>>> print(open('run_25.cif').read())   # mmCIF, C-alpha atoms
data_run
loop_
_atom_site.label_atom_id
_atom_site.label_comp_id
_atom_site.auth_asym_id
_atom_site.auth_seq_id
_atom_site.Cartn_x
_atom_site.Cartn_y
_atom_site.Cartn_z
CA MET R 283 58.88 92.75 92.81
CA THR R 284 58.83 95.18 89.90
CA PRO R 285 59.78 98.83 90.41
CA THR R 286 56.17 99.91 90.01
CA ASP R 287 55.22 97.76 93.04
CA ASP R 288 57.39 100.03 95.17
CA PRO R 289 55.06 102.59 96.84
CA ASP R 290 57.87 105.14 96.78
CA VAL R 291 58.10 104.78 93.01
CA GLN R 292 54.41 105.64 92.88
CA LEU R 293 55.08 108.69 95.05
CA MET R 294 57.90 109.78 92.74
CA LEU R 295 55.67 109.34 89.69
CA ALA R 296 53.17 111.59 91.46
CA VAL R 297 55.98 114.12 92.02
CA GLN R 298 56.51 113.99 88.27
CA ARG R 299 52.91 115.17 87.96
CA ASP R 300 53.84 118.12 90.23
CA ASP R 301 52.26 116.62 93.35
CA ARG R 302 54.00 118.57 96.12
CA GLY R 303 52.39 116.40 98.83
CA ALA R 304 54.03 113.29 97.39
CA PHE R 305 57.37 115.09 97.40
CA GLU R 306 56.94 116.06 101.04
CA ALA R 307 56.06 112.44 101.88
CA LEU R 308 59.30 111.24 100.28
CA PHE R 309 61.25 113.95 102.08
CA ARG R 310 59.78 112.97 105.44
CA LYS R 311 60.39 109.29 104.81
CA TYR R 312 64.02 109.56 103.71
CA GLY R 313 65.20 112.96 105.05
CA ARG R 314 66.43 111.78 108.42
CA GLN R 315 68.28 108.70 107.21
CA LEU R 316 69.89 110.72 104.42
CA VAL R 317 71.17 113.23 106.99
CA GLY R 318 72.74 110.30 108.85
CA PHE R 319 74.22 108.95 105.62
CA ALA R 320 75.57 112.32 104.45
CA ARG R 321 77.06 113.00 107.87
CA GLN R 322 79.44 110.08 107.38
CA PHE R 323 80.95 111.97 104.45
CA VAL R 324 80.92 115.60 105.55
CA GLY R 325 81.39 115.20 109.30
CA SER R 326 79.22 118.14 110.31
CA HIS R 327 75.56 117.54 111.11
CA ALA R 328 74.60 121.04 109.93
CA ARG R 329 76.41 120.56 106.61
CA ALA R 330 74.74 117.16 106.21
CA GLU R 331 71.35 118.84 106.57
CA GLU R 332 72.26 121.40 103.91
CA LEU R 333 73.45 118.63 101.65
CA VAL R 334 70.17 116.76 102.06
CA GLN R 335 68.27 119.90 101.07
CA ASP R 336 70.45 120.13 97.95
CA ILE R 337 69.78 116.46 97.21
CA PHE R 338 66.02 116.95 97.40
CA LEU R 339 66.23 120.11 95.31
CA LYS R 340 68.10 118.11 92.69
CA ILE R 341 65.44 115.41 92.79
CA TYR R 342 62.70 117.99 92.37
CA HIS R 343 64.59 119.68 89.56
CA SER R 344 65.15 116.43 87.63
CA ARG R 345 61.74 114.91 88.34
CA GLN R 346 60.74 114.85 84.69
CA ARG R 347 63.75 112.71 83.84
CA TYR R 348 62.93 110.06 86.43
CA VAL R 349 62.37 106.62 84.95
CA PRO R 350 61.41 103.85 87.40
CA ARG R 351 63.94 101.12 86.65
CA ALA R 352 64.52 99.91 90.21
CA ARG R 353 63.48 100.67 93.77
CA PHE R 354 63.09 104.40 94.37
CA ALA R 355 65.71 104.23 97.14
CA THR R 356 68.33 103.11 94.62
CA TRP R 357 67.79 106.23 92.51
CA LEU R 358 67.62 108.48 95.57
CA TYR R 359 70.85 107.13 97.02
CA ARG R 360 72.57 107.37 93.64
CA ILE R 361 71.94 111.12 93.67
CA ALA R 362 72.80 111.36 97.38
CA THR R 363 76.03 109.37 97.01
CA ASN R 364 77.16 111.41 94.02
CA GLN R 365 76.49 114.59 95.97
CA CYS R 366 78.38 113.28 99.02
CA LEU R 367 81.33 112.02 96.97
CA SER R 368 81.67 115.34 95.15
CA GLU R 369 81.67 117.11 98.51
CA VAL R 370 84.48 114.82 99.62
CA ARG R 371 86.33 115.40 96.34
CA ARG R 372 86.28 119.13 96.99
CA GLY R 373 88.66 118.29 99.80
CA GLU R 374 86.99 120.41 102.43
CA TYR R 375 86.50 117.44 104.71
CA HIS R 376 89.75 115.62 104.04
CA GLY R 377 91.33 114.52 107.27
CA ARG R 378 88.67 116.20 109.39
CA MET R 379 87.80 114.12 112.38
CA ILE R 380 84.18 113.83 113.33
CA SER R 381 83.41 115.62 116.53
CA LEU R 382 80.88 113.93 118.74
CA ASP R 383 81.07 116.67 121.30
CA PRO R 384 78.40 119.25 120.49
CA SER R 385 80.32 121.92 122.33
CA GLU R 386 83.08 121.72 119.71
CA ASP R 387 80.68 122.82 117.00
CA GLU R 388 78.07 125.08 118.46
CA ASN R 389 76.18 125.36 115.20
CA ASP R 390 75.57 121.64 115.09
CA ALA R 391 72.58 120.15 116.78
CA PRO R 392 73.58 117.65 119.47
CA LEU R 393 73.95 114.23 118.00
CA GLN R 394 71.78 111.52 119.40
CA ILE R 395 72.38 108.05 118.18
CA ALA R 396 69.41 105.77 117.95
CA ASP R 397 70.63 102.21 118.02
CA PRO R 398 67.78 99.96 116.93
CA GLU R 399 69.47 97.02 118.68
CA ALA R 400 69.75 98.75 122.04
CA ARG R 401 67.17 97.86 124.68
CA SER R 402 68.38 98.93 128.12
CA SER R 403 70.32 102.09 128.95
CA GLU R 404 73.44 99.95 129.25
CA ASP R 405 72.80 98.53 125.80
CA LEU R 406 72.26 102.04 124.54
CA MET R 407 75.59 103.12 126.01
CA LEU R 408 77.40 100.16 124.44
CA GLY R 409 75.64 100.82 121.14
CA ARG R 410 76.76 104.45 121.25
CA GLU R 411 80.33 103.46 122.05
CA ALA R 412 80.39 101.04 119.12
CA ALA R 413 78.87 103.65 116.83
CA ASP R 414 81.38 106.30 117.97
CA LYS R 415 84.26 103.94 117.40
CA ILE R 416 83.04 102.80 114.01
CA ARG R 417 82.46 106.40 112.89
CA GLY R 418 86.13 107.19 113.46
CA VAL R 419 87.21 104.22 111.35
CA LEU R 420 84.65 105.01 108.64
CA GLU R 421 86.22 108.44 108.29
CA SER R 422 89.53 106.82 107.40
CA LEU R 423 88.08 104.60 104.66
CA PRO R 424 88.33 105.70 101.02
CA PRO R 425 85.01 107.36 100.12
CA GLN R 426 83.96 104.66 97.63
CA GLN R 427 84.52 101.91 100.21
CA ARG R 428 82.67 103.97 102.80
CA ALA R 429 79.73 104.45 100.46
CA ALA R 430 79.59 100.78 99.47
CA LEU R 431 79.75 99.63 103.10
CA LEU R 432 77.11 102.07 104.32
CA LEU R 433 74.75 101.19 101.50
CA ALA R 434 75.21 97.43 101.95
CA ARG R 435 75.14 97.32 105.74
CA ALA R 436 73.41 100.40 107.13
CA GLU R 437 70.87 100.85 104.32
CA GLY R 438 70.44 97.14 103.59
CA PHE R 439 71.04 97.37 99.83
CA SER R 440 71.88 94.24 97.87
CA TYR R 441 75.23 94.23 96.04
CA ASP R 442 73.29 94.70 92.77
CA GLU R 443 71.62 97.79 94.19
CA VAL R 444 74.93 99.13 95.52
CA ALA R 445 76.42 98.62 92.03
CA GLU R 446 73.48 100.49 90.48
CA THR R 447 73.85 103.28 93.04
CA LEU R 448 77.60 103.67 92.65
CA GLY R 449 77.54 103.11 88.90
CA CYS R 450 80.03 100.26 88.99
CA SER R 451 80.03 96.47 88.55
CA VAL R 452 78.87 93.97 91.16
CA SER R 453 82.43 92.57 91.24
CA ALA R 454 83.72 96.01 92.15
CA VAL R 455 81.12 96.25 94.93
CA LYS R 456 82.17 92.83 96.22
CA SER R 457 85.75 94.06 96.39
CA LEU R 458 84.84 97.41 98.00
CA VAL R 459 82.65 95.80 100.67
CA HIS R 460 85.24 93.08 101.34
CA ARG R 461 88.07 95.55 101.86
CA ALA R 462 85.98 97.87 104.01
CA THR R 463 84.72 94.99 106.16
CA VAL R 464 88.23 93.66 106.72
CA THR R 465 89.56 97.13 107.57
CA LEU R 466 86.75 97.70 110.04
CA ARG R 467 87.29 94.30 111.57
CA ASP R 468 91.01 94.97 111.99
CA ARG R 469 90.66 98.48 113.38
CA VAL R 470 87.54 98.25 115.49
CA GLY R 471 88.34 94.76 116.68
CA GLU R 472 86.29 91.70 117.26
CA PRO R 473 82.90 92.02 118.95
CA GLN R 474 82.93 91.22 122.65
CA MET Q 73 99.69 67.59 97.06
CA ILE Q 74 96.30 67.12 98.66
CA SER Q 75 97.05 69.68 101.35
CA ILE Q 76 98.19 72.22 98.75
CA PHE Q 77 94.95 71.81 96.83
CA GLY Q 78 93.07 71.92 100.12
CA HIS Q 79 94.74 75.18 101.18
CA GLY Q 80 94.04 76.70 97.77
CA ARG Q 81 90.37 75.83 98.10
CA CYS Q 82 90.31 77.18 101.67
CA ALA Q 83 91.90 80.44 100.53
CA ALA Q 84 89.36 80.82 97.72
CA VAL Q 85 86.48 80.09 100.09
CA ARG Q 86 87.75 82.58 102.68
CA ARG Q 87 88.08 85.28 100.01
CA ASP Q 88 84.36 84.89 99.28
CA LEU Q 89 83.09 84.47 102.85
CA ILE Q 90 81.94 88.08 103.30
CA ALA Q 91 80.03 88.09 100.01
CA TRP Q 92 78.61 84.65 100.90
CA ILE Q 93 77.36 85.90 104.26
CA ASP Q 94 75.88 88.95 102.51
CA GLY Q 95 74.04 86.59 100.16
CA ALA Q 96 75.74 88.18 97.16
CA LEU Q 97 77.18 85.12 95.41
CA VAL Q 98 75.59 83.27 92.52
CA ALA Q 99 73.77 80.12 93.66
CA ARG Q 100 76.37 77.67 92.36
CA ARG Q 101 79.28 79.38 94.10
CA ALA Q 102 77.26 79.76 97.31
CA GLN Q 103 76.46 76.03 97.26
CA ARG Q 104 80.12 75.15 96.75
CA ILE Q 105 81.10 77.24 99.75
CA ALA Q 106 78.36 75.68 101.87
CA ARG Q 107 79.58 72.19 100.89
CA HIS Q 108 83.19 73.12 101.70
CA LEU Q 109 82.19 74.44 105.12
CA GLU Q 110 80.53 71.11 105.91
CA THR Q 111 83.85 69.32 105.47
CA CYS Q 112 86.41 71.90 106.64
CA ALA Q 113 86.28 72.72 110.34
CA ALA Q 114 88.84 75.54 110.10
CA CYS Q 115 86.89 77.36 107.38
CA ALA Q 116 83.62 76.73 109.20
CA ALA Q 117 85.09 78.38 112.32
CA GLU Q 118 86.33 81.30 110.21
CA ALA Q 119 82.90 81.62 108.58
CA GLU Q 120 81.27 81.81 112.01
CA ALA Q 121 83.76 84.47 113.15
CA VAL Q 122 83.13 86.51 109.99
CA ARG Q 123 79.37 86.15 110.44
CA VAL Q 124 79.56 87.48 114.02
CA SER Q 125 81.84 90.30 112.92
CA VAL Q 126 79.60 91.30 109.99
CA GLY Q 127 76.56 91.21 112.29
CA ALA Q 128 78.26 93.46 114.84
CA GLN Q 129 79.41 95.85 112.11
CA THR Q 130 75.93 96.04 110.63
CA SER Q 131 74.46 96.87 114.01
CA ALA Q 132 77.13 99.48 114.76
CA LEU Q 133 76.86 101.05 111.29
CA ARG Q 134 73.09 101.31 111.62
CA GLY Q 135 73.64 102.96 114.98
CA ALA Q 136 76.20 105.35 113.46
CA VAL Q 137 73.86 106.41 110.67
CA ALA Q 138 70.63 106.53 112.67
CA ILE Q 139 70.05 109.93 114.24
CA GLU Q 140 67.08 111.41 116.00
CA SER Q 141 68.04 115.04 116.04
CA ALA Q 142 67.30 116.04 112.44
CA ASP Q 143 64.35 118.43 112.70
CA LEU Q 144 62.47 117.52 109.54
CA ASP Q 145 59.78 120.18 110.07
CA GLN Q 146 62.41 122.87 110.17
CA LEU Q 147 64.25 121.37 107.21
CA TRP Q 148 61.03 121.22 105.19
CA ARG Q 149 60.23 124.84 106.09
CA ARG Q 150 63.63 125.82 104.69
CA LEU Q 151 63.31 123.62 101.61
CA GLY Q 152 59.72 124.49 100.67
CA PRO Q 153 60.32 128.10 99.52
CA ARG Q 154 63.32 127.01 97.45
CA LEU Q 155 61.10 124.64 95.44
CA VAL Q 156 59.13 127.56 94.05
CA ASP Q 157 62.13 128.72 92.05
CA VAL Q 158 62.94 125.25 90.76
CA ASP Q 159 61.56 124.59 87.32
CA PRO Q 160 61.62 121.00 86.18
CA GLU Q 161 64.66 120.20 84.11
CA PRO Q 162 63.44 120.16 80.51
CA VAL Q 163 63.46 116.83 78.78
CA GLY Q 164 65.94 117.81 76.09
CA TRP Q 165 66.65 116.32 72.69
CA ARG Q 166 69.16 113.92 74.22
CA ALA Q 167 66.53 112.42 76.52
CA ALA Q 168 64.09 112.30 73.62
CA LEU Q 169 66.64 110.42 71.50
CA ARG Q 170 67.59 108.03 74.30
CA PRO Q 171 65.10 105.28 73.32
CA LEU Q 172 66.63 105.27 69.83
CA VAL Q 173 70.22 104.99 71.03
CA ARG Q 174 70.16 101.31 71.94
CA PRO Q 175 68.77 100.08 68.61
CA ALA Q 176 71.25 102.35 66.81
CA LEU Q 177 74.10 100.91 68.86
CA ALA Q 178 72.93 97.36 68.18
CA ILE Q 179 72.81 98.06 64.44
CA GLY Q 180 76.28 99.62 64.58
CA VAL Q 181 77.76 96.67 66.46
CA ALA Q 182 76.09 94.24 64.04
CA ALA Q 183 77.51 96.17 61.08
CA ILE Q 184 81.03 96.08 62.54
CA ALA Q 185 80.69 92.37 63.31
CA LEU Q 186 79.57 91.78 59.72
CA LEU Q 187 82.50 93.76 58.35
CA VAL Q 188 84.97 91.89 60.52
CA GLY Q 189 83.39 88.59 59.52
CA VAL Q 190 83.62 89.42 55.84
CA SER Q 191 87.18 90.63 56.23
CA SER Q 192 88.22 87.35 57.84
CA ILE Q 193 87.07 85.55 54.70
CA ASP Q 194 88.38 87.95 52.08
CA GLY Q 195 91.42 89.34 53.85
CA PRO Q 196 91.78 92.76 55.42
CA ASP Q 197 91.03 94.91 52.39
CA THR Q 198 87.24 94.97 52.74
CA VAL Q 199 87.18 96.36 56.24
CA LEU Q 200 90.09 98.70 55.63
CA ILE Q 201 88.56 100.18 52.52
CA THR Q 202 85.14 100.46 54.17
CA VAL Q 203 86.52 102.56 57.00
CA GLY Q 204 88.44 104.74 54.59
CA VAL Q 205 91.92 103.22 54.56
CA LYS Q 206 92.41 102.81 50.85
CA ALA Q 207 96.08 101.95 50.82
CA PRO Q 208 96.89 99.87 53.90
CA PRO Q 209 100.55 99.36 54.68
CA LEU Q 210 102.17 96.11 53.60
CA ALA Q 211 102.18 94.84 57.20
CA LEU Q 212 98.40 94.87 57.22
CA GLN Q 213 98.16 93.10 53.89
CA THR Q 214 100.58 90.34 54.81
CA LYS Q 215 99.36 89.63 58.35
CA PRO Q 216 95.61 90.13 58.34
CA GLU Q 217 95.12 87.88 61.36
CA LEU Q 218 97.14 90.30 63.50
CA PHE Q 219 95.51 93.46 62.24
CA LYS Q 220 91.86 92.58 61.88
CA ASP Q 221 90.76 95.43 64.14
CA TYR Q 222 93.59 97.79 63.24
CA ALA Q 223 91.59 100.12 61.04
CA ILE Q 224 88.71 100.39 63.51
CA ILE Q 225 91.04 101.03 66.40
CA GLN Q 226 92.91 103.57 64.35
CA GLN Q 227 89.68 105.36 63.53
CA LEU Q 228 88.75 105.45 67.21
CA ASP Q 229 92.20 106.73 68.02
CA VAL Q 230 91.87 109.50 65.48
CA LEU Q 231 88.46 110.41 66.87
CA GLU Q 232 89.80 110.58 70.39
CA ARG Q 233 92.72 112.77 69.38
CA PHE Q 234 91.01 114.86 66.74
CA ASP Q 235 92.22 118.06 68.32
CA THR Q 236 95.90 117.12 68.21
CA ALA Q 237 96.77 117.79 64.61
CA ASP Q 238 100.46 117.53 65.29
CA VAL Q 239 100.22 113.85 66.24
CA GLU Q 240 101.69 111.69 63.51
CA PRO Q 241 99.19 109.29 61.99
CA ILE Q 242 99.78 105.80 63.33
CA MET Q 243 99.44 104.42 59.83
CA ASP Q 244 102.59 106.19 58.71
CA ALA Q 245 104.52 105.05 61.72
CA VAL Q 246 104.02 101.36 60.97
CA THR Q 247 106.33 100.04 58.33
CA PRO Q 248 106.47 96.50 57.01
CA ALA Q 249 110.08 96.22 58.16
CA GLU Q 250 109.12 96.96 61.76
CA ASN Q 251 106.45 94.34 61.77
CA GLU Q 252 108.50 91.69 60.12
CA GLY Q 253 111.26 92.20 62.67
#
>>> encode(input="run_25.cif", output="structure tokens")
Amino acid sequence: MTPTDDPDVQLMLAVQRDDRGAFEALFRKYGRQLVGFARQFVGSHARAEELVQDIFLKIYHSRQRYVPRARFATWLYRIATNQCLSEVRRGEYHGRMISLDPSEDENDAPLQIADPEARSSEDLMLGREAADKIRGVLESLPPQQRAALLLARAEGFSYDEVAETLGCSVSAVKSLVHRATVTLRDRVGEPQ
Amino acid sequence: MISIFGHGRCAAVRRDLIAWIDGALVARRAQRIARHLETCAACAAEAEAVRVSVGAQTSALRGAVAIESADLDQLWRRLGPRLVDVDPEPVGWRAALRPLVRPALAIGVAAIALLVGVSSIDGPDTVLITVGVKAPPLALQTKPELFKDYAIIQQLDVLERFDTADVEPIMDAVTPAENEG
């Protein structure tokens, strides 16, 4: 599959021609999952939403420089990851634990986790518990490992795409994903 | 001896199991691992455990990232007005020159390779003189095989530290006596 076969690439090329509808379509397609991705770096749901707005502003601003070399998602997540990592580098979120209790942060919308694997309410509960637990461990991972793991597992990127997104080699991605997976396995424990 | 080699192979296979399960290894390495797992029960059991663990992590991570509460309509209403003020980033002279950069780099690398090749035949003088080192120290003249890239590296070094005028030139610091010792 060449980049131009990707329908999102076509949408982005339309954005280049100042098609606001195409931009809105991309926003609606990726906005929610980017909020979920950004939240793993900044902790707060409200801040994640602001960050996603900044990401899309950046995309709109740099639309003329877009060159379709790979899937659109790779380019999008490259911008998103850079934005998230620079937020983390600012240090504002260092050591901050993620609150899953909406009452602790009244400005944040209540978090509802949609587990695609969950079928019954019991499954949903177990899925939420696993997600809660894994979120705490994710917070403790170095940001680069966290980004590599989320891209590879949650977003389904290949190691090549993760490398393209993070701007590093595939070997480095292999190492980042390996370390993060082992840490998660050690801290979260084996599946029941 | 056999068990030592066997353990070494097992260790190497286990190091690559996660990447293998993620389908991220080159075909030849992936085939080797698959063949090893057919003959090594311990590694096969470990591979199965890693596969289950990676599957559970993937599911949990997707659950952790997936959220339903982001109100995209509201977000779009907030984003829309901000787009009005955003002019497209101009495609500057750097972007315009970008297509020319790769050929220029290729020509530069080829020129350096040619210089180094010529210098290996005629001694170090050609490359040294070409990059502006007219009087190389004796150490460079007597041991060209050790200093083939010296002048180029020195030039790079000077470029990197162009703002530190007080740094002594490396050239002066190298004396034949030091190198012979």
>>> atom_distance(input="run_25.cif", atom1="atom CA of R:Arg329", atom2="atom CA of R:Ser422")
19.0 Å
>>> resolve_selection(input="run_25.cif", expression="the PyMOL selection byres ((chain Q and resi 107-114) around 12)", output="PDB file with C-alpha atoms, in the coordinates of the input")
ATOM      1  CA  GLY Q  78      93.070  71.920 100.120  1.00  0.00           C
ATOM      2  CA  HIS Q  79      94.740  75.180 101.180  1.00  0.00           C
ATOM      3  CA  ARG Q  81      90.370  75.830  98.100  1.00  0.00           C
ATOM      4  CA  CYS Q  82      90.310  77.180 101.670  1.00  0.00           C
ATOM      5  CA  ALA Q  83      91.900  80.440 100.530  1.00  0.00           C
ATOM      6  CA  ALA Q  84      89.360  80.820  97.720  1.00  0.00           C
ATOM      7  CA  VAL Q  85      86.480  80.090 100.090  1.00  0.00           C
ATOM      8  CA  ARG Q  86      87.750  82.580 102.680  1.00  0.00           C
ATOM      9  CA  LEU Q  89      83.090  84.470 102.850  1.00  0.00           C
ATOM     10  CA  TRP Q  92      78.610  84.650 100.900  1.00  0.00           C
ATOM     11  CA  ARG Q 100      76.370  77.670  92.360  1.00  0.00           C
ATOM     12  CA  ARG Q 101      79.280  79.380  94.100  1.00  0.00           C
ATOM     13  CA  ALA Q 102      77.260  79.760  97.310  1.00  0.00           C
ATOM     14  CA  GLN Q 103      76.460  76.030  97.260  1.00  0.00           C
ATOM     15  CA  ARG Q 104      80.120  75.150  96.750  1.00  0.00           C
ATOM     16  CA  ILE Q 105      81.100  77.240  99.750  1.00  0.00           C
ATOM     17  CA  ALA Q 106      78.360  75.680 101.870  1.00  0.00           C
ATOM     18  CA  CYS Q 115      86.890  77.360 107.380  1.00  0.00           C
ATOM     19  CA  ALA Q 116      83.620  76.730 109.200  1.00  0.00           C
ATOM     20  CA  ALA Q 117      85.090  78.380 112.320  1.00  0.00           C
ATOM     21  CA  GLU Q 118      86.330  81.300 110.210  1.00  0.00           C
ATOM     22  CA  ALA Q 119      82.900  81.620 108.580  1.00  0.00           C
ATOM     23  CA  GLU Q 120      81.270  81.810 112.010  1.00  0.00           C
ATOM     24  CA  ALA Q 121      83.760  84.470 113.150  1.00  0.00           C
TER      25      ALA Q 121
END
>>> closest_residue(input="run_25.cif", among="R:Glu421, R:Asp287, R:Glu306, R:Asp301", to="chain Q", atoms="only C-alpha atoms")
R:Glu306
>>> resolve_selection(input="run_25.cif", expression="the PyMOL selection byres ((chain R and resi 360-370) around 8)", output="ChimeraX atom specification")
/R:316,320,323-324,333-334,337,341,356-359,371-376,425-426,429,446-448
>>> closest_residue(input="run_25.cif", among="R:Leu308, R:Gln315, R:Met294, R:Ala328", to="R:Tyr348", atoms="only C-alpha atoms")
R:Met294
>>> closest_residue(input="run_25.cif", among="R:Gln335, R:Gln292, R:Thr465, R:Ser457", to="R:Pro350", atoms="only C-alpha atoms")
R:Gln292
>>> atom_distance(input="run_25.cif", atom1="atom CA of R:Ser326", atom2="atom CA of Q:Val137")
12.9 Å
>>> closest_residue(input="run_25.cif", among="R:Arg461, R:Arg321, R:His327, R:His343", to="chain Q", atoms="only C-alpha atoms")
R:His343
>>> closest_residue(input="run_25.cif", among="R:Ala296, R:Ala352, R:Ala445, R:Leu466", to="chain Q", atoms="only C-alpha atoms")
R:Leu466
>>> atom_distance(input="run_25.cif", atom1="atom CA of R:Phe319", atom2="atom CA of R:Arg299")
28.4 Å
>>> closest_residue(input="run_25.cif", among="R:Val444, R:Arg353, R:Val452, R:Ser344", to="chain Q", atoms="only C-alpha atoms")
R:Ser344
>>> residues_around(input="run_25.cif", residues="stretch 414-416 of chain R", least_positions_apart="6", cutoff="7 Å", atoms="all atoms listed in the file", output="list in words")
Val470 of chain R; Ala132, Leu133 and Ala136 of chain Q
>>> residues_around(input="run_25.cif", residues="Q:Trp148", least_positions_apart="6", cutoff="12 Å", atoms="all atoms listed in the file", output="list in words")
Arg302, Gly303, Phe305, Glu306, Ala307, Leu308, Phe309, Arg310, Lys311, Gly313, Arg314, Glu331, Glu332, Val334, Gln335, Asp336, Phe338 and Leu339 of chain R; Ala142, Arg154 and Leu155 of chain Q
>>> resolve_selection(input="run_25.cif", expression="the PyMOL selection byres ((chain R and resi 431) around 10)", output="list in words")
Leu420, Leu423, Pro425, Gln426, Gln427, Arg428, Ala429, Ala430, Leu432, Leu433, Ala434, Arg435, Ala436, Glu437, Gly438, Phe439, Tyr441, Val444, Val455, Lys456, Leu458, Val459, His460, Arg461, Ala462 and Thr463 of chain R; Gln129, Thr130 and Leu133 of chain Q
